[in-house]
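S.K.: First, the structure itself, so that you have it in front of you.
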Amino acid sequence: GIRPVIDARQGLLDVRGGLEEQTMSMAKAAKRLFEEHIRYTDGETVEVVVADTTIGRVAEAAACAQKFRTAGVDITLSVTPCWCYGSETMDMDPMTIKGVWGLNATERPGAVYLASVLAAHARKGLPAFGIYGRHVQEADDEEIPADVQEKLLRFARAAVAAASMRGKSYLQIGAACMGISGSGIDPDFFEEYLGMRVESVDEVEVLRRIERGIYDEKEYEKARAWVKERCPEGWDKNPLEVQHDREAKDYNWEFTIKCALIIKDLMNG
């Protein structure tokens with residue numbers, strides 16, 4: 001969800017009126033960048049929602065939050081070219097993953113808002129990823145500099161990964177194998193750092209499902225045909241006296257395919 005944040009002052013100078021187009025242009029530029037470069041794990045283009053209006057005060061921040069809740073937004077990026085009222089415009093939802101892009105430009109610098117609102121986030125215990133350019137841009141420069149693009153995409157990729165994992169389960173099949181400590185699962189890390197839970201299944205469950213035919217037979221035949229077409233056997237480097245005969249090798253292929261299908265079923269719940 002993109003949050004275009006703006007200086008809400010109007011009056012004789014109409015500060016807000018002079019910034020509406022530029023602020024919305026930043027939001028749309030970020031939307032285009034994410035849609036061109038960010039994908040979900042299934043390969044689909046990331047879905048990006050922009051607030052209906054710029055956000056200069058609490059009521060507009062609340063309306064944006066309501067829209068994002070309805071749309072199922074887990075990640076927010078607040079963008080601004082100018083100074084804004086930080087605590088009135090910031091994303092206060094404790095469950096969203098937050099980024100803030102403050103334009104480093106020659107006029108009313110958004111980088112100043114960025115520093116201020118990041119301090120507000122820190123005081124409230126709401127982590128946020130700060131994004132700004134190394135070089136000062138002209139106020140009317142609508143291009144996103146390469147270093148800012150890199151920061152935006154780094155934030156987006158990490159945030160999509162984190163949001164995709166949150167609320168899911170990590171499936172452990174078996175436990176520490178051959179004394180390899182890294183094979184053991186630390187549930188506290190998954191629960192506290194990634195917002196996931198750990199589910200454990202013994203390897204004997206895979207054998208049980210093979211023996212009792214607990215897998216999709218049509219899917220197995222499809223996978224078996226795919227393997228025959230695309231997985232040619234390589235050179236068997238074992239001594240002749242211990243090499244498997246054709247019947248044993250065929251059994252091993254079938255066993256491996258069934259294991260893959262069953263593990264996929266387990267992973268998908």
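Just remember, in the structure tokens the first chain shown is A, the second B, etc., residues are 1-based per chain, and ligands are 1-based in the order shown.
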Counting only C-alpha atoms, which residues of range 163-225 of chain A fall within 12 Å of range 92-112 of chain A, and what is the closest atom pair for each with its distance in Å at one decimal, ordered by chain and rising number, as CSV?
M.R.:
residue,atom,partner,partner_atom,distance
A:Ala163,CA,A:Ile97,CA,7.8
A:Ser164,CA,A:Ile97,CA,11.5
A:Arg166,CA,A:Met95,CA,10.4
A:Gly167,CA,A:Met95,CA,11.8
A:Gly195,CA,A:Met95,CA,10.8
S.K.: Filtering to C-alpha atoms, could you give me those residues as a compact mmCIF listing (two decimals), in the first residue's frame?
M.R.:
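Wrote selection00.txt, looks like this:
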# COMPACT_ATOMS: atom_id res chain seq x y z
CA ALA A 163 4.65 -10.84 4.88
CA SER A 164 4.38 -14.05 2.85
CA ARG A 166 3.98 -14.53 8.54
CA GLY A 167 1.20 -16.75 9.82
CA GLY A 195 5.94 -14.81 12.88
S.K.: Quick one: residues within 8 Å of Ala27 in chain A, only C-alpha atoms, excluding same-chain residues fewer than 6 positions away - as number ranges by chain?
M.R.: A: 2-4, 50, 79
S.K.: Taking the backbone alone, and naming residues the way the document does, which bits of range 48-242 of chain A are strand (DSSP E) by DSSP, as a ChimeraX atom specification?
M.R.: /A:75-80,97-102,128-131,169-173,197-201
S.K.: Running DSSP on the backbone, which parts of range 17-266 of chain A land in alpha helix (DSSP H), as a tab-separated table (two decimals) with C-alpha atoms, in the first residue's frame?
M.R.:
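Wrote part-v8.tsv, looks like this:
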chain	number	residue	atom	x	y	z
A	17	GLY	CA	-2.37	22.67	-3.31
A	18	GLY	CA	1.08	23.25	-4.75
A	19	LEU	CA	2.26	19.77	-3.72
A	20	GLU	CA	-0.69	17.52	-4.59
A	21	GLU	CA	0.47	16.58	-8.09
A	22	GLN	CA	4.11	16.01	-7.11
A	23	THR	CA	3.17	13.89	-4.10
A	24	MET	CA	0.78	11.67	-6.06
A	25	SER	CA	3.38	11.36	-8.83
A	26	MET	CA	5.85	9.92	-6.31
A	27	ALA	CA	3.24	7.37	-5.20
A	28	LYS	CA	2.49	6.34	-8.78
A	29	ALA	CA	6.19	6.07	-9.62
A	30	ALA	CA	6.73	3.74	-6.65
A	31	LYS	CA	3.72	1.68	-7.73
A	32	ARG	CA	5.11	1.28	-11.27
A	33	LEU	CA	8.55	0.33	-9.94
A	34	PHE	CA	7.16	-2.40	-7.69
A	35	GLU	CA	4.82	-3.79	-10.34
A	36	GLU	CA	7.68	-4.01	-12.85
A	37	HIS	CA	10.20	-5.71	-10.54
A	58	VAL	CA	-5.33	12.19	11.00
A	59	ALA	CA	-8.69	11.70	9.28
A	60	GLU	CA	-6.98	11.01	5.95
A	61	ALA	CA	-4.50	8.64	7.59
A	62	ALA	CA	-7.42	6.76	9.14
A	63	ALA	CA	-9.28	6.57	5.81
A	64	CYS	CA	-6.15	5.18	4.15
A	65	ALA	CA	-5.73	2.60	6.93
A	66	GLN	CA	-9.34	1.47	6.48
A	67	LYS	CA	-8.89	1.10	2.73
A	68	PHE	CA	-5.70	-0.91	3.23
A	69	ARG	CA	-7.34	-3.20	5.81
A	70	THR	CA	-10.17	-3.91	3.37
A	71	ALA	CA	-7.67	-4.61	0.57
A	86	GLY	CA	4.74	13.27	11.35
A	87	SER	CA	2.57	11.86	14.12
A	88	GLU	CA	-0.60	12.85	12.21
A	89	THR	CA	0.39	11.22	8.92
A	110	GLY	CA	11.09	15.16	2.27
A	111	ALA	CA	14.34	13.93	3.83
A	112	VAL	CA	13.62	16.21	6.80
A	113	TYR	CA	10.20	14.62	7.25
A	114	LEU	CA	11.88	11.23	6.90
A	115	ALA	CA	14.25	11.90	9.80
A	116	SER	CA	11.44	13.28	11.95
A	117	VAL	CA	8.96	10.49	11.29
A	118	LEU	CA	11.58	7.75	11.75
A	119	ALA	CA	12.24	9.20	15.20
A	120	ALA	CA	8.49	9.07	15.86
A	121	HIS	CA	8.40	5.43	14.71
A	122	ALA	CA	11.32	4.59	17.01
A	123	ARG	CA	9.68	6.30	20.00
A	124	LYS	CA	6.46	4.37	19.43
A	146	ALA	CA	19.27	4.42	-9.23
A	147	ASP	CA	20.31	4.32	-5.56
A	148	VAL	CA	16.74	5.10	-4.45
A	149	GLN	CA	15.36	2.42	-6.78
A	150	GLU	CA	17.74	-0.09	-5.23
A	151	LYS	CA	16.61	0.84	-1.70
A	152	LEU	CA	12.92	0.74	-2.63
A	153	LEU	CA	13.26	-2.67	-4.27
A	154	ARG	CA	15.36	-4.05	-1.41
A	155	PHE	CA	12.68	-2.96	1.05
A	156	ALA	CA	9.87	-4.35	-1.11
A	157	ARG	CA	11.50	-7.75	-1.66
A	158	ALA	CA	12.28	-8.21	2.02
A	159	ALA	CA	8.83	-7.01	3.07
A	160	VAL	CA	7.00	-9.28	0.60
A	161	ALA	CA	9.09	-12.24	1.82
A	162	ALA	CA	8.36	-11.44	5.48
A	163	ALA	CA	4.65	-10.84	4.88
A	164	SER	CA	4.38	-14.05	2.85
A	165	MET	CA	5.89	-16.13	5.65
A	187	PRO	CA	11.07	-22.82	17.03
A	188	ASP	CA	11.74	-19.60	18.98
A	189	PHE	CA	13.48	-18.04	15.96
A	190	PHE	CA	10.60	-18.87	13.62
A	191	GLU	CA	7.94	-17.72	16.09
A	192	GLU	CA	9.56	-14.50	17.33
A	193	TYR	CA	11.49	-13.32	14.26
A	204	VAL	CA	8.09	-42.56	8.88
A	205	GLU	CA	4.96	-40.64	7.86
A	206	VAL	CA	6.32	-40.49	4.30
A	207	LEU	CA	6.77	-44.28	4.28
A	208	ARG	CA	3.30	-44.78	5.75
A	209	ARG	CA	1.72	-42.75	2.96
A	210	ILE	CA	3.66	-44.66	0.30
A	211	GLU	CA	2.66	-48.02	1.75
A	217	GLU	CA	-2.48	-41.33	-8.25
A	218	LYS	CA	-3.17	-39.09	-11.25
A	219	GLU	CA	-0.55	-36.63	-10.07
A	220	TYR	CA	1.88	-39.52	-9.64
A	221	GLU	CA	1.38	-40.74	-13.20
A	222	LYS	CA	1.83	-37.19	-14.49
A	223	ALA	CA	5.04	-36.77	-12.47
A	224	ARG	CA	6.33	-40.16	-13.55
A	225	ALA	CA	5.89	-39.28	-17.24
A	226	TRP	CA	7.61	-35.93	-16.65
A	227	VAL	CA	10.57	-37.63	-14.96
A	228	LYS	CA	10.96	-40.17	-17.78
A	229	GLU	CA	11.05	-37.37	-20.33
A	230	ARG	CA	13.26	-34.89	-18.50
A	246	ARG	CA	17.12	-52.28	-13.78
A	247	GLU	CA	14.25	-53.40	-11.57
A	248	ALA	CA	15.80	-51.82	-8.47
A	249	LYS	CA	16.54	-48.58	-10.30
A	250	ASP	CA	12.96	-48.35	-11.56
A	251	TYR	CA	11.74	-48.92	-7.99
A	252	ASN	CA	14.05	-46.15	-6.74
A	253	TRP	CA	12.65	-43.72	-9.34
A	254	GLU	CA	9.08	-44.55	-8.29
A	255	PHE	CA	9.96	-44.23	-4.60
A	256	THR	CA	11.63	-40.85	-5.15
A	257	ILE	CA	8.67	-39.48	-7.14
A	258	LYS	CA	6.21	-40.60	-4.47
A	259	CYS	CA	8.38	-39.03	-1.76
A	260	ALA	CA	8.36	-35.72	-3.67
A	261	LEU	CA	4.56	-35.76	-4.07
A	262	ILE	CA	3.94	-36.69	-0.44
A	263	ILE	CA	6.34	-34.04	0.88
A	264	LYS	CA	4.61	-31.47	-1.35
A	265	ASP	CA	1.26	-32.55	0.15
A	266	LEU	CA	2.66	-32.21	3.67
S.K.: What is the CA of Met90 in chain A-CA of Tyr132 in chain A distance in Å, reported with one decimal?
M.R.: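 It comes out at 16.7 Å.
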S.K.: Work out how far apart CA of Arg134 in chain A and CA of Gly56 in chain A are and give it in Å to one decimal.
M.R.: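 If I compute the distance from CA of Arg134 in chain A to CA of Gly56 in chain A, I get 26.1 Å.
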S.K.: Please provide the set of residues having any atom within 12 Å of Ile185 in chain A, restricted to only C-alpha atoms, with same-chain residues fewer than 6 positions apart removed, written as number ranges by chain.
M.R.: A: 170-177, 191, 197-200
